[in-house]
$ cat query_39.pdb   # PDB, C-alpha atoms
ATOM      1  CA  MET A   1      57.342 -43.885 -40.321  1.00  0.00           C
ATOM      2  CA  ALA A   2      56.017 -40.334 -40.192  1.00  0.00           C
ATOM      3  CA  GLU A   3      58.173 -37.225 -40.427  1.00  0.00           C
ATOM      4  CA  LYS A   4      59.588 -36.053 -37.144  1.00  0.00           C
ATOM      5  CA  SER A   5      60.908 -32.716 -35.938  1.00  0.00           C
ATOM      6  CA  VAL A   6      63.969 -33.079 -33.738  1.00  0.00           C
ATOM      7  CA  LEU A   7      66.192 -30.612 -31.903  1.00  0.00           C
ATOM      8  CA  VAL A   8      69.812 -31.177 -32.939  1.00  0.00           C
ATOM      9  CA  ARG A   9      72.496 -29.671 -30.697  1.00  0.00           C
ATOM     10  CA  TYR A  10      76.130 -29.422 -31.805  1.00  0.00           C
ATOM     11  CA  PHE A  11      79.224 -29.420 -29.606  1.00  0.00           C
ATOM     12  CA  ALA A  12      82.877 -28.444 -30.223  1.00  0.00           C
ATOM     13  CA  ALA A  13      83.981 -29.473 -33.761  1.00  0.00           C
ATOM     14  CA  ALA A  14      80.386 -30.391 -34.662  1.00  0.00           C
ATOM     15  CA  GLU A  15      79.317 -26.835 -33.804  1.00  0.00           C
ATOM     16  CA  GLU A  16      82.134 -25.446 -35.948  1.00  0.00           C
ATOM     17  CA  ALA A  17      81.153 -27.674 -38.877  1.00  0.00           C
ATOM     18  CA  ALA A  18      77.467 -26.699 -38.640  1.00  0.00           C
ATOM     19  CA  GLY A  19      78.134 -23.030 -37.905  1.00  0.00           C
ATOM     20  CA  ARG A  20      75.556 -23.047 -35.115  1.00  0.00           C
ATOM     21  CA  GLU A  21      74.901 -24.413 -31.641  1.00  0.00           C
ATOM     22  CA  GLU A  22      71.560 -25.998 -32.450  1.00  0.00           C
ATOM     23  CA  GLU A  23      68.739 -26.203 -34.933  1.00  0.00           C
ATOM     24  CA  ARG A  24      65.437 -27.973 -35.436  1.00  0.00           C
ATOM     25  CA  LEU A  25      65.341 -30.428 -38.348  1.00  0.00           C
ATOM     26  CA  THR A  26      62.457 -32.387 -39.833  1.00  0.00           C
ATOM     27  CA  LEU A  27      63.429 -35.853 -40.961  1.00  0.00           C
ATOM     28  CA  GLY A  28      61.338 -38.056 -43.239  1.00  0.00           C
ATOM     29  CA  GLU A  29      62.789 -41.087 -41.506  1.00  0.00           C
ATOM     30  CA  PRO A  30      63.635 -40.328 -37.857  1.00  0.00           C
ATOM     31  CA  THR A  31      66.654 -42.621 -37.523  1.00  0.00           C
ATOM     32  CA  VAL A  32      70.311 -42.084 -36.687  1.00  0.00           C
ATOM     33  CA  VAL A  33      71.380 -43.058 -40.215  1.00  0.00           C
ATOM     34  CA  ALA A  34      68.929 -40.576 -41.788  1.00  0.00           C
ATOM     35  CA  LEU A  35      70.222 -37.819 -39.522  1.00  0.00           C
ATOM     36  CA  ARG A  36      73.840 -38.689 -40.418  1.00  0.00           C
ATOM     37  CA  GLU A  37      73.025 -38.424 -44.123  1.00  0.00           C
ATOM     38  CA  GLU A  38      71.153 -35.145 -43.661  1.00  0.00           C
ATOM     39  CA  LEU A  39      74.013 -33.552 -41.707  1.00  0.00           C
ATOM     40  CA  ALA A  40      76.660 -34.762 -44.171  1.00  0.00           C
ATOM     41  CA  ASN A  41      74.656 -33.357 -47.090  1.00  0.00           C
ATOM     42  CA  ARG A  42      74.032 -30.021 -45.347  1.00  0.00           C
ATOM     43  CA  TYR A  43      77.485 -29.362 -43.945  1.00  0.00           C
ATOM     44  CA  GLY A  44      79.902 -31.307 -46.160  1.00  0.00           C
ATOM     45  CA  ASP A  45      83.357 -32.659 -45.429  1.00  0.00           C
ATOM     46  CA  ALA A  46      83.892 -30.929 -42.078  1.00  0.00           C
ATOM     47  CA  MET A  47      80.767 -32.582 -40.681  1.00  0.00           C
ATOM     48  CA  ARG A  48      81.594 -35.927 -42.315  1.00  0.00           C
ATOM     49  CA  LEU A  49      84.885 -35.906 -40.416  1.00  0.00           C
ATOM     50  CA  VAL A  50      83.071 -35.280 -37.121  1.00  0.00           C
ATOM     51  CA  LEU A  51      80.485 -37.970 -37.868  1.00  0.00           C
ATOM     52  CA  ARG A  52      83.114 -40.548 -38.786  1.00  0.00           C
ATOM     53  CA  ASN A  53      84.438 -40.803 -35.217  1.00  0.00           C
ATOM     54  CA  GLY A  54      81.938 -38.849 -33.162  1.00  0.00           C
ATOM     55  CA  SER A  55      78.784 -40.007 -31.475  1.00  0.00           C
ATOM     56  CA  PHE A  56      75.107 -39.185 -31.080  1.00  0.00           C
ATOM     57  CA  LEU A  57      73.302 -38.829 -27.789  1.00  0.00           C
ATOM     58  CA  VAL A  58      69.642 -39.577 -28.441  1.00  0.00           C
ATOM     59  CA  ASP A  59      67.640 -38.138 -25.556  1.00  0.00           C
ATOM     60  CA  GLY A  60      70.773 -38.387 -23.386  1.00  0.00           C
ATOM     61  CA  VAL A  61      71.763 -41.961 -24.317  1.00  0.00           C
ATOM     62  CA  VAL A  62      74.689 -42.822 -26.621  1.00  0.00           C
ATOM     63  CA  SER A  63      73.411 -44.461 -29.802  1.00  0.00           C
ATOM     64  CA  ARG A  64      75.716 -46.490 -32.041  1.00  0.00           C
ATOM     65  CA  ASP A  65      72.893 -48.297 -33.854  1.00  0.00           C
ATOM     66  CA  PRO A  66      72.302 -46.612 -37.235  1.00  0.00           C
ATOM     67  CA  ALA A  67      68.710 -47.884 -37.285  1.00  0.00           C
ATOM     68  CA  ALA A  68      67.904 -46.409 -33.849  1.00  0.00           C
ATOM     69  CA  VAL A  69      64.840 -44.183 -33.873  1.00  0.00           C
ATOM     70  CA  ILE A  70      65.535 -40.598 -32.896  1.00  0.00           C
ATOM     71  CA  GLY A  71      63.736 -39.068 -29.946  1.00  0.00           C
ATOM     72  CA  GLU A  72      63.039 -35.406 -29.218  1.00  0.00           C
ATOM     73  CA  ARG A  73      66.675 -34.282 -28.991  1.00  0.00           C
ATOM     74  CA  VAL A  74      69.977 -35.419 -30.472  1.00  0.00           C
ATOM     75  CA  ASP A  75      73.374 -34.119 -29.391  1.00  0.00           C
ATOM     76  CA  VAL A  76      76.151 -34.425 -31.979  1.00  0.00           C
ATOM     77  CA  LEU A  77      79.471 -34.944 -30.216  1.00  0.00           C
ATOM     78  CA  PRO A  78      82.927 -35.085 -31.780  1.00  0.00           C
ATOM     79  CA  PRO A  79      85.444 -37.603 -30.499  1.00  0.00           C
ATOM     80  CA  PHE A  80      86.992 -36.361 -27.266  1.00  0.00           C
ATOM     81  CA  ALA A  81      90.556 -36.938 -26.159  1.00  0.00           C
ATOM     82  CA  GLY A  82      90.825 -38.506 -22.745  1.00  0.00           C
ATOM     83  CA  GLY A  83      93.380 -37.670 -20.163  1.00  0.00           C
TER
END
$ encode --input "query_39.pdb" --output "C-alpha coordinates"
Amino acid sequence: MAEKSVLVRYFAAAEEAAGREEERLTLGEPTVVALREELANRYGDAMRLVLRNGSFLVDGVVSRDPAAVIGERVDVLPPFAGG
(Lines of atoms letter the chains of each structure in order from A and count residues from 1; the text may use other names and numbers.)
(Lines give C-alpha, C1' and ligand atoms only; values in the text may rest on other atoms or scores of the structure.)
Protein backbone atom coordinates (compact mmCIF):
# COMPACT_ATOMS: atom_id res chain seq x y z
CA MET A 1 0.00 0.00 0.00
CA ALA A 2 1.28 3.46 -0.86
CA GLU A 3 1.37 6.38 1.56
CA LYS A 4 -1.81 8.38 1.72
CA SER A 5 -2.60 11.91 2.85
CA VAL A 6 -5.86 12.12 4.76
CA LEU A 7 -7.77 14.98 6.37
CA VAL A 8 -8.45 14.13 10.02
CA ARG A 9 -11.14 16.16 11.79
CA TYR A 10 -11.56 16.08 15.57
CA PHE A 11 -14.74 16.65 17.56
CA ALA A 12 -15.43 17.40 21.26
CA ALA A 13 -12.99 15.45 23.51
CA ALA A 14 -10.98 14.35 20.46
CA GLU A 15 -10.44 18.01 19.56
CA GLU A 16 -9.34 18.76 23.12
CA ALA A 17 -6.90 15.83 23.10
CA ALA A 18 -5.40 16.86 19.74
CA GLY A 19 -5.43 20.59 20.48
CA ARG A 20 -6.86 21.34 17.05
CA GLU A 21 -10.00 20.96 14.96
CA GLU A 22 -8.32 19.24 12.03
CA GLU A 23 -5.05 18.40 10.38
CA ARG A 24 -3.71 16.58 7.34
CA LEU A 25 -1.69 13.44 8.10
CA THR A 26 0.30 11.17 5.80
CA LEU A 27 0.07 7.52 6.74
CA GLY A 28 2.39 4.81 5.45
CA GLU A 29 -0.46 2.34 5.76
CA PRO A 30 -3.84 4.04 5.22
CA THR A 31 -5.90 1.90 7.60
CA VAL A 32 -7.98 2.61 10.68
CA VAL A 33 -5.53 0.72 12.91
CA ALA A 34 -2.55 2.71 11.55
CA LEU A 35 -4.40 5.97 12.18
CA ARG A 36 -5.28 4.86 15.74
CA GLU A 37 -1.61 4.13 16.45
CA GLU A 38 -0.47 7.43 14.93
CA LEU A 39 -2.96 9.46 16.98
CA ALA A 40 -2.14 7.62 20.21
CA ASN A 41 1.58 8.21 19.66
CA ARG A 42 1.10 11.89 18.80
CA TYR A 43 -1.36 12.88 21.50
CA GLY A 44 -0.85 10.39 24.34
CA ASP A 45 -3.21 9.26 27.07
CA ALA A 46 -5.96 11.82 26.47
CA MET A 47 -6.34 10.63 22.88
CA ARG A 48 -6.04 6.96 23.89
CA LEU A 49 -9.04 7.46 26.17
CA VAL A 50 -11.07 8.96 23.31
CA LEU A 51 -10.02 6.19 20.92
CA ARG A 52 -10.89 3.44 23.39
CA ASN A 53 -14.64 4.14 23.20
CA GLY A 54 -14.97 6.59 20.34
CA SER A 55 -15.48 5.95 16.67
CA PHE A 56 -14.15 6.87 13.25
CA LEU A 57 -16.25 8.11 10.37
CA VAL A 58 -14.39 7.24 7.18
CA ASP A 59 -15.78 9.41 4.40
CA GLY A 60 -19.02 9.73 6.41
CA VAL A 61 -19.46 6.03 7.27
CA VAL A 62 -18.81 4.57 10.74
CA SER A 63 -15.88 2.14 10.60
CA ARG A 64 -15.32 -0.43 13.35
CA ASP A 65 -13.02 -2.63 11.25
CA PRO A 66 -9.39 -1.91 12.20
CA ALA A 67 -8.21 -3.12 8.79
CA ALA A 68 -10.57 -0.78 6.90
CA VAL A 69 -8.78 1.38 4.35
CA ILE A 70 -9.05 5.09 5.02
CA GLY A 71 -10.56 7.37 2.41
CA GLU A 72 -10.04 11.10 1.91
CA ARG A 73 -11.43 12.22 5.28
CA VAL A 74 -11.72 10.70 8.74
CA ASP A 75 -13.72 12.22 11.59
CA VAL A 76 -12.62 11.21 15.09
CA LEU A 77 -15.64 11.16 17.40
CA PRO A 78 -15.68 10.58 21.15
CA PRO A 79 -18.43 8.48 22.67
CA PHE A 80 -21.61 10.53 22.99
CA ALA A 81 -24.16 10.24 25.76
CA GLY A 82 -27.66 9.64 24.51
CA GLY A 83 -30.76 11.12 25.96
$ closest_residue --input "query_39.pdb" --among "A:Ala68, A:Pro79, A:Leu35, A:Arg24" --to "Arg52 (chain A)" --atoms "only C-alpha atoms"
A:Pro79
$ resolve_selection --input "query_39.pdb" --expression "the PyMOL selection byres ((chain A and resi 2-14) around 6)" --output "list in words"
Met1, Glu15, Glu16, Ala17, Glu21, Glu22, Glu23, Arg24, Leu25, Thr26, Leu27, Gly28, Pro30, Glu72, Arg73, Val74, Asp75, Val76 and Leu77 of chain A
$ atom_distance --input "query_39.pdb" --atom1 "CA of Asp59 (chain A)" --atom2 "CA of Ala18 (chain A)"
20.0 Å
$ residues_around --input "query_39.pdb" --residues "Asn53 (chain A)" --least-positions-apart "3" --cutoff "8 Å" --atoms "only C-alpha atoms" --output "ChimeraX atom specification"
/A:49-50,78-79
$ atom_distance --input "query_39.pdb" --atom1 "CA of Ala67 (chain A)" --atom2 "CA of Gly44 (chain A)"
21.9 Å
$ atom_distance --input "query_39.pdb" --atom1 "CA of Ile70 (chain A)" --atom2 "CA of Thr31 (chain A)"
5.2 Å
$ decode --input "query_39.pdb" --residues "region 28-78 of chain A" --atoms "N, CA and C atoms" --output "PDB file, in the first residue's frame"
ATOM      1  N   GLY A  28       1.718   5.809   6.270  1.00  0.00           N
ATOM      2  CA  GLY A  28       2.386   4.806   5.446  1.00  0.00           C
ATOM      3  C   GLY A  28       1.444   3.679   5.074  1.00  0.00           C
ATOM      4  N   GLU A  29       0.558   3.356   5.987  1.00  0.00           N
ATOM      5  CA  GLU A  29      -0.462   2.339   5.764  1.00  0.00           C
ATOM      6  C   GLU A  29      -1.807   2.994   6.042  1.00  0.00           C
ATOM      7  N   PRO A  30      -2.599   3.284   5.019  1.00  0.00           N
ATOM      8  CA  PRO A  30      -3.841   4.041   5.220  1.00  0.00           C
ATOM      9  C   PRO A  30      -4.993   3.165   5.733  1.00  0.00           C
ATOM     10  N   THR A  31      -4.848   2.707   6.979  1.00  0.00           N
ATOM     11  CA  THR A  31      -5.903   1.899   7.596  1.00  0.00           C
ATOM     12  C   THR A  31      -6.322   2.527   8.918  1.00  0.00           C
ATOM     13  N   VAL A  32      -7.477   2.108   9.405  1.00  0.00           N
ATOM     14  CA  VAL A  32      -7.979   2.615  10.685  1.00  0.00           C
ATOM     15  C   VAL A  32      -6.989   2.300  11.800  1.00  0.00           C
ATOM     16  N   VAL A  33      -6.455   1.093  11.839  1.00  0.00           N
ATOM     17  CA  VAL A  33      -5.528   0.724  12.911  1.00  0.00           C
ATOM     18  C   VAL A  33      -4.250   1.574  12.859  1.00  0.00           C
ATOM     19  N   ALA A  34      -3.747   1.868  11.676  1.00  0.00           N
ATOM     20  CA  ALA A  34      -2.552   2.712  11.553  1.00  0.00           C
ATOM     21  C   ALA A  34      -2.852   4.130  12.031  1.00  0.00           C
ATOM     22  N   LEU A  35      -4.030   4.636  11.713  1.00  0.00           N
ATOM     23  CA  LEU A  35      -4.405   5.966  12.179  1.00  0.00           C
ATOM     24  C   LEU A  35      -4.538   5.981  13.696  1.00  0.00           C
ATOM     25  N   ARG A  36      -5.166   4.964  14.277  1.00  0.00           N
ATOM     26  CA  ARG A  36      -5.277   4.862  15.739  1.00  0.00           C
ATOM     27  C   ARG A  36      -3.905   4.937  16.406  1.00  0.00           C
ATOM     28  N   GLU A  37      -2.974   4.158  15.888  1.00  0.00           N
ATOM     29  CA  GLU A  37      -1.612   4.131  16.449  1.00  0.00           C
ATOM     30  C   GLU A  37      -0.936   5.491  16.315  1.00  0.00           C
ATOM     31  N   GLU A  38      -1.084   6.110  15.159  1.00  0.00           N
ATOM     32  CA  GLU A  38      -0.475   7.428  14.929  1.00  0.00           C
ATOM     33  C   GLU A  38      -1.037   8.462  15.909  1.00  0.00           C
ATOM     34  N   LEU A  39      -2.349   8.481  16.075  1.00  0.00           N
ATOM     35  CA  LEU A  39      -2.963   9.465  16.978  1.00  0.00           C
ATOM     36  C   LEU A  39      -2.582   9.208  18.426  1.00  0.00           C
ATOM     37  N   ALA A  40      -2.545   7.955  18.840  1.00  0.00           N
ATOM     38  CA  ALA A  40      -2.142   7.621  20.214  1.00  0.00           C
ATOM     39  C   ALA A  40      -0.700   8.048  20.472  1.00  0.00           C
ATOM     40  N   ASN A  41       0.178   7.812  19.502  1.00  0.00           N
ATOM     41  CA  ASN A  41       1.582   8.207  19.661  1.00  0.00           C
ATOM     42  C   ASN A  41       1.748   9.721  19.684  1.00  0.00           C
ATOM     43  N   ARG A  42       0.999  10.423  18.862  1.00  0.00           N
ATOM     44  CA  ARG A  42       1.101  11.893  18.798  1.00  0.00           C
ATOM     45  C   ARG A  42       0.541  12.586  20.024  1.00  0.00           C
ATOM     46  N   TYR A  43      -0.609  12.108  20.504  1.00  0.00           N
ATOM     47  CA  TYR A  43      -1.364  12.878  21.496  1.00  0.00           C
ATOM     48  C   TYR A  43      -1.508  12.200  22.859  1.00  0.00           C
ATOM     49  N   GLY A  44      -0.957  11.011  23.029  1.00  0.00           N
ATOM     50  CA  GLY A  44      -0.849  10.394  24.342  1.00  0.00           C
ATOM     51  C   GLY A  44      -2.145   9.905  24.967  1.00  0.00           C
ATOM     52  N   ASP A  45      -2.136   9.887  26.299  1.00  0.00           N
ATOM     53  CA  ASP A  45      -3.208   9.262  27.070  1.00  0.00           C
ATOM     54  C   ASP A  45      -4.586   9.876  26.842  1.00  0.00           C
ATOM     55  N   ALA A  46      -4.656  11.190  26.688  1.00  0.00           N
ATOM     56  CA  ALA A  46      -5.964  11.822  26.467  1.00  0.00           C
ATOM     57  C   ALA A  46      -6.607  11.297  25.190  1.00  0.00           C
ATOM     58  N   MET A  47      -5.806  11.144  24.134  1.00  0.00           N
ATOM     59  CA  MET A  47      -6.345  10.626  22.879  1.00  0.00           C
ATOM     60  C   MET A  47      -6.627   9.131  22.992  1.00  0.00           C
ATOM     61  N   ARG A  48      -5.789   8.401  23.699  1.00  0.00           N
ATOM     62  CA  ARG A  48      -6.044   6.960  23.885  1.00  0.00           C
ATOM     63  C   ARG A  48      -7.408   6.738  24.538  1.00  0.00           C
ATOM     64  N   LEU A  49      -7.738   7.565  25.498  1.00  0.00           N
ATOM     65  CA  LEU A  49      -9.036   7.465  26.171  1.00  0.00           C
ATOM     66  C   LEU A  49     -10.181   7.695  25.184  1.00  0.00           C
ATOM     67  N   VAL A  50     -10.057   8.690  24.338  1.00  0.00           N
ATOM     68  CA  VAL A  50     -11.067   8.962  23.312  1.00  0.00           C
ATOM     69  C   VAL A  50     -11.175   7.780  22.356  1.00  0.00           C
ATOM     70  N   LEU A  51     -10.035   7.264  21.913  1.00  0.00           N
ATOM     71  CA  LEU A  51     -10.022   6.189  20.925  1.00  0.00           C
ATOM     72  C   LEU A  51     -10.568   4.879  21.485  1.00  0.00           C
ATOM     73  N   ARG A  52     -10.436   4.689  22.780  1.00  0.00           N
ATOM     74  CA  ARG A  52     -10.890   3.440  23.394  1.00  0.00           C
ATOM     75  C   ARG A  52     -12.384   3.224  23.174  1.00  0.00           C
ATOM     76  N   ASN A  53     -13.183   4.283  23.307  1.00  0.00           N
ATOM     77  CA  ASN A  53     -14.636   4.140  23.203  1.00  0.00           C
ATOM     78  C   ASN A  53     -15.263   4.992  22.108  1.00  0.00           C
ATOM     79  N   GLY A  54     -14.452   5.741  21.401  1.00  0.00           N
ATOM     80  CA  GLY A  54     -14.975   6.591  20.345  1.00  0.00           C
ATOM     81  C   GLY A  54     -15.112   5.834  19.042  1.00  0.00           C
ATOM     82  N   SER A  55     -15.323   6.590  17.977  1.00  0.00           N
ATOM     83  CA  SER A  55     -15.480   5.949  16.675  1.00  0.00           C
ATOM     84  C   SER A  55     -14.862   6.816  15.585  1.00  0.00           C
ATOM     85  N   PHE A  56     -14.657   6.192  14.437  1.00  0.00           N
ATOM     86  CA  PHE A  56     -14.154   6.873  13.248  1.00  0.00           C
ATOM     87  C   PHE A  56     -15.250   6.892  12.197  1.00  0.00           C
ATOM     88  N   LEU A  57     -15.426   8.029  11.569  1.00  0.00           N
ATOM     89  CA  LEU A  57     -16.250   8.110  10.369  1.00  0.00           C
ATOM     90  C   LEU A  57     -15.284   8.242   9.202  1.00  0.00           C
ATOM     91  N   VAL A  58     -15.262   7.240   8.345  1.00  0.00           N
ATOM     92  CA  VAL A  58     -14.386   7.241   7.183  1.00  0.00           C
ATOM     93  C   VAL A  58     -15.240   7.645   5.986  1.00  0.00           C
ATOM     94  N   ASP A  59     -14.981   8.852   5.488  1.00  0.00           N
ATOM     95  CA  ASP A  59     -15.783   9.414   4.403  1.00  0.00           C
ATOM     96  C   ASP A  59     -17.273   9.347   4.728  1.00  0.00           C
ATOM     97  N   GLY A  60     -17.625   9.642   5.991  1.00  0.00           N
ATOM     98  CA  GLY A  60     -19.017   9.732   6.408  1.00  0.00           C
ATOM     99  C   GLY A  60     -19.661   8.441   6.860  1.00  0.00           C
ATOM    100  N   VAL A  61     -18.906   7.327   6.879  1.00  0.00           N
ATOM    101  CA  VAL A  61     -19.458   6.032   7.266  1.00  0.00           C
ATOM    102  C   VAL A  61     -18.704   5.522   8.499  1.00  0.00           C
ATOM    103  N   VAL A  62     -19.440   5.096   9.533  1.00  0.00           N
ATOM    104  CA  VAL A  62     -18.806   4.565  10.736  1.00  0.00           C
ATOM    105  C   VAL A  62     -17.987   3.331  10.379  1.00  0.00           C
ATOM    106  N   SER A  63     -16.742   3.294  10.855  1.00  0.00           N
ATOM    107  CA  SER A  63     -15.880   2.144  10.603  1.00  0.00           C
ATOM    108  C   SER A  63     -15.425   1.552  11.921  1.00  0.00           C
ATOM    109  N   ARG A  64     -15.768   0.293  12.151  1.00  0.00           N
ATOM    110  CA  ARG A  64     -15.319  -0.427  13.345  1.00  0.00           C
ATOM    111  C   ARG A  64     -14.278  -1.489  13.000  1.00  0.00           C
ATOM    112  N   ASP A  65     -13.993  -1.639  11.719  1.00  0.00           N
ATOM    113  CA  ASP A  65     -13.022  -2.633  11.252  1.00  0.00           C
ATOM    114  C   ASP A  65     -11.629  -2.002  11.275  1.00  0.00           C
ATOM    115  N   PRO A  66     -10.724  -2.513  12.131  1.00  0.00           N
ATOM    116  CA  PRO A  66      -9.391  -1.910  12.204  1.00  0.00           C
ATOM    117  C   PRO A  66      -8.593  -2.011  10.909  1.00  0.00           C
ATOM    118  N   ALA A  67      -8.934  -2.963  10.055  1.00  0.00           N
ATOM    119  CA  ALA A  67      -8.214  -3.123   8.789  1.00  0.00           C
ATOM    120  C   ALA A  67      -8.820  -2.298   7.660  1.00  0.00           C
ATOM    121  N   ALA A  68      -9.911  -1.575   7.930  1.00  0.00           N
ATOM    122  CA  ALA A  68     -10.567  -0.776   6.896  1.00  0.00           C
ATOM    123  C   ALA A  68      -9.593   0.257   6.331  1.00  0.00           C
ATOM    124  N   VAL A  69      -9.627   0.398   5.023  1.00  0.00           N
ATOM    125  CA  VAL A  69      -8.777   1.384   4.352  1.00  0.00           C
ATOM    126  C   VAL A  69      -9.417   2.757   4.494  1.00  0.00           C
ATOM    127  N   ILE A  70      -8.594   3.724   4.806  1.00  0.00           N
ATOM    128  CA  ILE A  70      -9.050   5.095   5.020  1.00  0.00           C
ATOM    129  C   ILE A  70      -9.231   5.797   3.685  1.00  0.00           C
ATOM    130  N   GLY A  71     -10.295   6.590   3.604  1.00  0.00           N
ATOM    131  CA  GLY A  71     -10.563   7.371   2.411  1.00  0.00           C
ATOM    132  C   GLY A  71      -9.899   8.737   2.481  1.00  0.00           C
ATOM    133  N   GLU A  72     -10.580   9.744   1.970  1.00  0.00           N
ATOM    134  CA  GLU A  72     -10.040  11.099   1.909  1.00  0.00           C
ATOM    135  C   GLU A  72     -10.164  11.855   3.230  1.00  0.00           C
ATOM    136  N   ARG A  73     -11.166  11.481   4.038  1.00  0.00           N
ATOM    137  CA  ARG A  73     -11.427  12.217   5.279  1.00  0.00           C
ATOM    138  C   ARG A  73     -11.844  11.239   6.366  1.00  0.00           C
ATOM    139  N   VAL A  74     -11.336  11.490   7.573  1.00  0.00           N
ATOM    140  CA  VAL A  74     -11.720  10.702   8.744  1.00  0.00           C
ATOM    141  C   VAL A  74     -12.109  11.667   9.850  1.00  0.00           C
ATOM    142  N   ASP A  75     -13.281  11.448  10.429  1.00  0.00           N
ATOM    143  CA  ASP A  75     -13.722  12.219  11.587  1.00  0.00           C
ATOM    144  C   ASP A  75     -13.516  11.363  12.822  1.00  0.00           C
ATOM    145  N   VAL A  76     -12.862  11.921  13.835  1.00  0.00           N
ATOM    146  CA  VAL A  76     -12.625  11.212  15.092  1.00  0.00           C
ATOM    147  C   VAL A  76     -13.655  11.716  16.087  1.00  0.00           C
ATOM    148  N   LEU A  77     -14.528  10.799  16.517  1.00  0.00           N
ATOM    149  CA  LEU A  77     -15.640  11.159  17.395  1.00  0.00           C
ATOM    150  C   LEU A  77     -15.504  10.469  18.740  1.00  0.00           C
ATOM    151  N   PRO A  78     -15.664  11.212  19.827  1.00  0.00           N
ATOM    152  CA  PRO A  78     -15.680  10.580  21.147  1.00  0.00           C
ATOM    153  C   PRO A  78     -17.007   9.876  21.345  1.00  0.00           C
TER     154      PRO A  78
END
